[in-house]
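One structure is given below, encoded as structure tokens.
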Amino acid sequence: MFRFKQFSIDDKRSAMKVGTDGVLLGAWATCLPDEDGNIPRIVDIGCGSGLITLMMAQRFPSAQITGVDIDAFSIEDARDNVTASPFAEQIDIIHADIFTLPPAQGLVHYVCNPPFYTEDTVAPDLRRATARHHSALPLDSLVKYIKGSGLSIILPSQQESSFLSLCHSYGMHLNRICYVRTTEKKEPKRVMMEVTASAVEDVERTTLTLMSSDGKRSEEYASLCRDFYL
């Protein structure tokens, strides 16, 4: 059981467990209103046990949130976690392959912490392998599905170039990007990106260092996640 300030996550049945990537994306992703002040609907693709879904609900209390996952056991955890939270009324959890569902209509922003293994070898645990392997949620299919909307995503840093090229081919543009490194001396291992259908003049580019020289959470990491970590 992982306890956060306003909710808890039990991931005992989930194929993928709570990790730093999900916490970072849930704290970093934006959901900006349109010109009339309308808040987008938020869809968490591959919601797992509901971590990012609940983080977005906490951060955007006027938004309707939908979490979707293909794994039935993860969905059980997500539903239980949402029900036990203060945010149950604004969240729907759906058990489905996202690509079998029609894209959400109207103003919508997607968030996704996708599978990232691309090796041909599949791990022995089939459910965990499915959750972690890119074939379960191909990025080409993902970008094609969300085109015309917004997407916040976290990926291994080496996938930055290929992902942005893919986005460009579908008329999507980089809006924000954050490189995540463990320490100042390390190269970034992860990259968080926000892409939208509208191009911006100046892309917001930042770097987030997780650990300070004393081995503790850095001030910037603690600041980003201060509303969630106990």
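Please note that chains go A, B, ... in the order of the structure tokens, that every chain numbers its residues from 1, and that ligands are numbered from 1 in the order shown.
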Please produce, as a tab-separated table, a per-residue contact table for region 171-217 of chain A versus region 133-154 of chain A (criterion: any atom at most 6 Å away, only C-alpha atoms considered), showing the nearest atom pair and its distance in Å to one decimal, sorted by chain then residue number.
residue	atom	partner	partner_atom	distance
A:Val191	CA	A:Ile154	CA	5.7
A:Met192	CA	A:Ile154	CA	4.3
A:Met193	CA	A:Ile153	CA	5.5
A:Glu194	CA	A:Ser152	CA	4.4
A:Val195	CA	A:Leu151	CA	5.4
A:Thr196	CA	A:Gly150	CA	4.4
A:Ala197	CA	A:Gly148	CA	5.0
Would you pick out the contacts of region 59-76 of chain A at 9 Å or less, using only C-alpha atoms, so that residues sharing its chain but fewer than 4 positions from it are not included, and give the list as a PyMOL selection string? chain A and resi 11-16+26-27+31+39-50+52-55+80-81+87+89-98+127+130-131+227
Nearby residues (only C-alpha atoms) at most 9 Å from region 204-210 of chain A, same-chain spacing under 6 positions excluded, as a ChimeraX atom specification: /A:174-184,188,191,216-222
Strand (DSSP E) per DSSP on the backbone: members of region 39-119 of chain A, as JSON, numbers by chain: {"A": [41, 42, 43, 44, 45, 65, 66, 67, 68, 69, 91, 92, 93, 94, 95, 108, 109, 110, 111, 112]}
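Among the candidates A:Ala84, A:Leu101, A:Leu224, A:Leu155, the residue lying nearest to Ile9 (chain A) is A:Ala84 (atoms considered: only C-alpha atoms).
Separating CA of Arg190 (chain A) from CA of Pro114 (chain A) is a distance of 12.2 Å.
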As number ranges by chain, please: every residue in region 18-162 of chain A that DSSP puts in alpha helix (DSSP H). A: 20-28, 51-59, 72-83, 126-132, 139-146, 160-162
Go ahead and write the residues just picked, N, CA and C atoms, as a tab-separated table (two decimals), in the first residue's frame.
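Here's the written file part07.tsv:
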chain	number	residue	atom	x	y	z
A	20	THR	N	8.38	5.69	-9.74
A	20	THR	CA	8.71	7.11	-9.85
A	20	THR	C	8.18	7.73	-11.14
A	21	ASP	N	8.23	6.97	-12.26
A	21	ASP	CA	7.78	7.53	-13.53
A	21	ASP	C	6.35	8.03	-13.44
A	22	GLY	N	5.47	7.21	-12.86
A	22	GLY	CA	4.06	7.59	-12.75
A	22	GLY	C	3.86	8.81	-11.88
A	23	VAL	N	4.57	8.85	-10.75
A	23	VAL	CA	4.45	10.00	-9.84
A	23	VAL	C	4.92	11.28	-10.54
A	24	LEU	N	6.04	11.19	-11.24
A	24	LEU	CA	6.56	12.36	-11.94
A	24	LEU	C	5.57	12.87	-12.98
A	25	LEU	N	5.04	11.97	-13.80
A	25	LEU	CA	4.12	12.41	-14.85
A	25	LEU	C	2.85	12.99	-14.25
A	26	GLY	N	2.33	12.34	-13.21
A	26	GLY	CA	1.11	12.84	-12.58
A	26	GLY	C	1.27	14.22	-11.98
A	27	ALA	N	2.47	14.52	-11.50
A	27	ALA	CA	2.74	15.84	-10.90
A	27	ALA	C	3.09	16.89	-11.95
A	28	TRP	N	3.59	16.47	-13.10
A	28	TRP	CA	4.10	17.39	-14.12
A	28	TRP	C	3.08	17.73	-15.20
A	51	LEU	N	-2.91	5.39	-10.21
A	51	LEU	CA	-2.07	6.43	-9.61
A	51	LEU	C	-2.20	7.77	-10.33
A	52	ILE	N	-1.90	7.80	-11.62
A	52	ILE	CA	-1.94	9.06	-12.36
A	52	ILE	C	-3.36	9.59	-12.45
A	53	THR	N	-4.33	8.70	-12.60
A	53	THR	CA	-5.73	9.10	-12.63
A	53	THR	C	-6.08	9.89	-11.38
A	54	LEU	N	-5.70	9.37	-10.22
A	54	LEU	CA	-6.02	10.03	-8.95
A	54	LEU	C	-5.21	11.31	-8.77
A	55	MET	N	-3.96	11.33	-9.21
A	55	MET	CA	-3.17	12.54	-9.12
A	55	MET	C	-3.77	13.67	-9.95
A	56	MET	N	-4.24	13.34	-11.15
A	56	MET	CA	-4.86	14.36	-11.99
A	56	MET	C	-6.17	14.84	-11.39
A	57	ALA	N	-6.93	13.93	-10.77
A	57	ALA	CA	-8.18	14.33	-10.12
A	57	ALA	C	-7.90	15.28	-8.96
A	58	GLN	N	-6.85	15.02	-8.20
A	58	GLN	CA	-6.50	15.90	-7.09
A	58	GLN	C	-6.08	17.27	-7.60
A	59	ARG	N	-5.32	17.30	-8.68
A	59	ARG	CA	-4.80	18.57	-9.19
A	59	ARG	C	-5.85	19.38	-9.94
A	72	ALA	N	-7.39	-6.74	-16.50
A	72	ALA	CA	-8.55	-6.80	-15.60
A	72	ALA	C	-8.15	-6.67	-14.13
A	73	PHE	N	-7.01	-7.24	-13.74
A	73	PHE	CA	-6.59	-7.17	-12.34
A	73	PHE	C	-6.18	-5.75	-11.95
A	74	SER	N	-5.53	-5.05	-12.87
A	74	SER	CA	-5.18	-3.65	-12.62
A	74	SER	C	-6.44	-2.81	-12.46
A	75	ILE	N	-7.44	-3.09	-13.28
A	75	ILE	CA	-8.70	-2.36	-13.20
A	75	ILE	C	-9.36	-2.57	-11.84
A	76	GLU	N	-9.28	-3.78	-11.30
A	76	GLU	CA	-9.85	-4.03	-9.97
A	76	GLU	C	-9.18	-3.16	-8.93
A	77	ASP	N	-7.84	-3.08	-8.99
A	77	ASP	CA	-7.12	-2.20	-8.06
A	77	ASP	C	-7.53	-0.75	-8.26
A	78	ALA	N	-7.58	-0.31	-9.52
A	78	ALA	CA	-7.91	1.09	-9.80
A	78	ALA	C	-9.30	1.44	-9.26
A	79	ARG	N	-10.27	0.57	-9.48
A	79	ARG	CA	-11.62	0.85	-9.01
A	79	ARG	C	-11.68	0.91	-7.49
A	80	ASP	N	-10.98	0.00	-6.83
A	80	ASP	CA	-10.96	0.02	-5.37
A	80	ASP	C	-10.28	1.28	-4.85
A	81	ASN	N	-9.17	1.66	-5.48
A	81	ASN	CA	-8.44	2.86	-5.04
A	81	ASN	C	-9.25	4.13	-5.25
A	82	VAL	N	-9.94	4.20	-6.37
A	82	VAL	CA	-10.77	5.37	-6.65
A	82	VAL	C	-11.95	5.44	-5.68
A	83	THR	N	-12.59	4.32	-5.44
A	83	THR	CA	-13.73	4.28	-4.54
A	83	THR	C	-13.36	4.74	-3.13
A	126	LEU	N	3.80	-13.19	-17.87
A	126	LEU	CA	3.13	-12.73	-19.07
A	126	LEU	C	2.38	-11.43	-18.86
A	127	ARG	N	1.66	-11.29	-17.72
A	127	ARG	CA	0.90	-10.07	-17.47
A	127	ARG	C	1.84	-8.88	-17.32
A	128	ARG	N	2.94	-9.07	-16.59
A	128	ARG	CA	3.90	-7.99	-16.41
A	128	ARG	C	4.57	-7.65	-17.74
A	129	ALA	N	4.87	-8.66	-18.52
A	129	ALA	CA	5.48	-8.43	-19.83
A	129	ALA	C	4.55	-7.63	-20.73
A	130	THR	N	3.26	-7.99	-20.70
A	130	THR	CA	2.28	-7.26	-21.51
A	130	THR	C	2.22	-5.80	-21.10
A	131	ALA	N	2.25	-5.56	-19.80
A	131	ALA	CA	2.15	-4.19	-19.30
A	131	ALA	C	3.39	-3.37	-19.63
A	132	ARG	N	4.55	-4.04	-19.76
A	132	ARG	CA	5.81	-3.32	-19.95
A	132	ARG	C	6.29	-3.31	-21.39
A	139	LEU	N	3.54	3.13	-29.91
A	139	LEU	CA	3.49	4.60	-29.92
A	139	LEU	C	2.88	5.14	-31.19
A	140	ASP	N	3.09	4.46	-32.32
A	140	ASP	CA	2.48	4.93	-33.56
A	140	ASP	C	0.96	4.92	-33.44
A	141	SER	N	0.42	3.84	-32.90
A	141	SER	CA	-1.03	3.74	-32.72
A	141	SER	C	-1.53	4.77	-31.71
A	142	LEU	N	-0.72	5.00	-30.66
A	142	LEU	CA	-1.10	5.95	-29.62
A	142	LEU	C	-1.21	7.36	-30.19
A	143	VAL	N	-0.19	7.80	-30.92
A	143	VAL	CA	-0.19	9.17	-31.47
A	143	VAL	C	-1.30	9.34	-32.50
A	144	LYS	N	-1.50	8.32	-33.32
A	144	LYS	CA	-2.60	8.37	-34.29
A	144	LYS	C	-3.94	8.49	-33.59
A	145	TYR	N	-4.08	7.81	-32.47
A	145	TYR	CA	-5.35	7.81	-31.73
A	145	TYR	C	-5.64	9.17	-31.11
A	146	ILE	N	-4.61	9.83	-30.55
A	146	ILE	CA	-4.85	11.07	-29.81
A	146	ILE	C	-4.67	12.33	-30.67
A	160	GLU	N	13.13	9.99	-27.43
A	160	GLU	CA	12.67	11.36	-27.67
A	160	GLU	C	12.56	11.69	-29.15
A	161	SER	N	13.64	11.49	-29.89
A	161	SER	CA	13.69	11.90	-31.29
A	161	SER	C	12.66	11.15	-32.13
A	162	SER	N	12.60	9.84	-31.97
A	162	SER	CA	11.67	9.05	-32.79
A	162	SER	C	10.23	9.38	-32.44
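With only C-alpha atoms as the atoms that count, the minimum distance from His109 (chain A) to the choices A:Met172, A:Met1, A:Leu32, A:Leu164 is reached by A:Leu32.
For the atom pair formed by CA of Asp214 (chain A) and CA of Arg226 (chain A), the distance is 19.3 Å, given to one decimal.
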Report, in Å with one decimal, the straight-line distance from CA of Phe228 (chain A) to CA of Lys5 (chain A). 5.2 Å
